[in-house]
Amino acid sequence: MEPAWNTSSEAFGRAAAWFVETAARVGDRWDAPGLGEWDVRALVGHTSRALLTVEAYVAKPADRAEVESAVRYYEAARAIAGGPAVTQRGRDAGEALGDDPVSAVTAIASRVVTLVQTCSGDELVTTIVGGMRLRDYLPTRTFELVVHTSDLASALGLPVTPPAVAARQTLRLATDLVDDARTGELLLALTGRRGLADGYSIL
């Protein structure tokens, strides 16, 4: 079951605020290593897309809901989630933030969070994998904001302290994404029995 709209929109807003606060601490490290092939600017650019896609998709109403949950979104998106195109989009998004990336992400977050606050969650939006209700799509954006702001904080040597409501929603979605055949492996790690294998990922 997807979270209630009020909880979901609050989680999104708090995750967005944490992203802005963390980006504000980059200083002069925009060219420093960020994540994988991305420098910090590209990582921030990619993370800003978790906001911008909400705005873009709300502006493109769908006729019907083809994807009915956040889990189904990720299952459908797996085939297109990686590869050089995604890497390049992150770089392009970073460049699009201009000479003052902090002001840019602050303005984006303010605009998109305000937009979400005017929505009911019932809106049909057109996503990259098909039509969805906004209430089903938004948790995927909170997930992206929390995960990639955690990446950014790690790259900057900062504590990884996501807001509780956003972290809880992200963790619930993460556990829902675990393949049934690997739940035992994850449970052993979460209870301190053993670590996860190198390269383990739910995505």
# chains A, B, ... in the order shown; residues from 1 in each chain; ligands from 1
>>> select_by_dssp(residues="chain A", states="strand (DSSP E or B)", output="ChimeraX atom specification")
/A:33-35,38-39,61,124-127,130-133
>>> residues_around(residues="segment 58-63 of chain A", least_positions_apart="6", cutoff="6 Å", atoms="only C-alpha atoms", output="mmCIF file with C-alpha atoms, in the first residue's frame")
data_model
loop_
_atom_site.group_PDB
_atom_site.id
_atom_site.type_symbol
_atom_site.label_atom_id
_atom_site.label_comp_id
_atom_site.auth_asym_id
_atom_site.auth_seq_id
_atom_site.Cartn_x
_atom_site.Cartn_y
_atom_site.Cartn_z
ATOM 1 C CA LEU A 124 -2.756 11.320 -13.548
ATOM 2 C CA VAL A 125 0.769 12.104 -14.745
ATOM 3 C CA THR A 126 2.805 10.843 -17.681
ATOM 4 C CA GLY A 131 0.668 6.923 -16.797
#
>>> closest_residue(among="A:Arg29, A:His148, A:Ala70, A:Ala164", to="Arg135 of chain A", atoms="only C-alpha atoms")
A:Ala70
>>> closest_residue(among="A:Ala96, A:Leu43, A:Val165, A:Val86", to="Phe12 of chain A", atoms="only C-alpha atoms")
A:Val165
>>> select_by_dssp(residues="chain A", states="alpha helix (DSSP H)", output="number ranges by chain")
A: 5-23, 40-58, 70-77, 84-96, 101-117, 134-156, 164-176, 183-190
>>> residues_around(residues="segment 45-52 of chain A", least_positions_apart="2", cutoff="10 Å", atoms="only C-alpha atoms", output="MDAnalysis selection string")
chainID A and resid 12 16 19:20 38:43 54:57 86:97 101 104:106 108:113 138 140:149 151:152
>>> closest_residue(among="A:Ala85, A:Ala11, A:Ala155, A:Val116", to="Ala23 of chain A", atoms="only C-alpha atoms")
A:Ala155
>>> residues_around(residues="Ala77 of chain A", least_positions_apart="3", cutoff="8 Å", atoms="only C-alpha atoms", output="MDAnalysis selection string")
chainID A and resid 73:74 80:81 128:129
>>> atom_distance(atom1="atom CA of Arg133 of chain A", atom2="atom CA of Ala65 of chain A")
6.2 Å
>>> closest_residue(among="A:Glu75, A:Ala197, A:Gly157, A:Ser8", to="Thr170 of chain A", atoms="only C-alpha atoms")
A:Ser8
>>> residues_around(residues="Gly27 of chain A", least_positions_apart="3", cutoff="10 Å", atoms="only C-alpha atoms", output="PDB file with N, CA and C atoms, in the first residue's frame")
ATOM      1  N   ALA A  23      23.408  20.595  -0.615  1.00  0.00           N
ATOM      2  CA  ALA A  23      24.035  21.254  -1.765  1.00  0.00           C
ATOM      3  C   ALA A  23      24.663  22.584  -1.365  1.00  0.00           C
ATOM      4  N   ALA A  24      24.058  23.248  -0.399  1.00  0.00           N
ATOM      5  CA  ALA A  24      24.582  24.541   0.054  1.00  0.00           C
ATOM      6  C   ALA A  24      25.936  24.409   0.733  1.00  0.00           C
ATOM      7  N   TRP A  30      32.676  21.581  -6.537  1.00  0.00           N
ATOM      8  CA  TRP A  30      31.784  21.121  -7.608  1.00  0.00           C
ATOM      9  C   TRP A  30      32.470  20.152  -8.566  1.00  0.00           C
ATOM     10  N   VAL A 102      23.666  26.412  -6.223  1.00  0.00           N
ATOM     11  CA  VAL A 102      22.897  26.401  -4.979  1.00  0.00           C
ATOM     12  C   VAL A 102      21.612  27.210  -5.142  1.00  0.00           C
ATOM     13  N   LEU A 156      30.878  14.624   0.285  1.00  0.00           N
ATOM     14  CA  LEU A 156      31.360  15.839   0.938  1.00  0.00           C
ATOM     15  C   LEU A 156      31.917  15.574   2.333  1.00  0.00           C
TER      16      LEU A 156
END
>>> closest_residue(among="A:Thr118, A:Ser150, A:Pro84, A:Arg194", to="Leu35 of chain A", atoms="only C-alpha atoms")
A:Ser150
>>> closest_residue(among="A:Val71, A:Tyr137, A:Pro163, A:Asp31", to="Ile202 of chain A", atoms="only C-alpha atoms")
A:Val71
>>> atom_distance(atom1="atom CA of Leu115 of chain A", atom2="atom CA of Ser9 of chain A")
10.4 Å
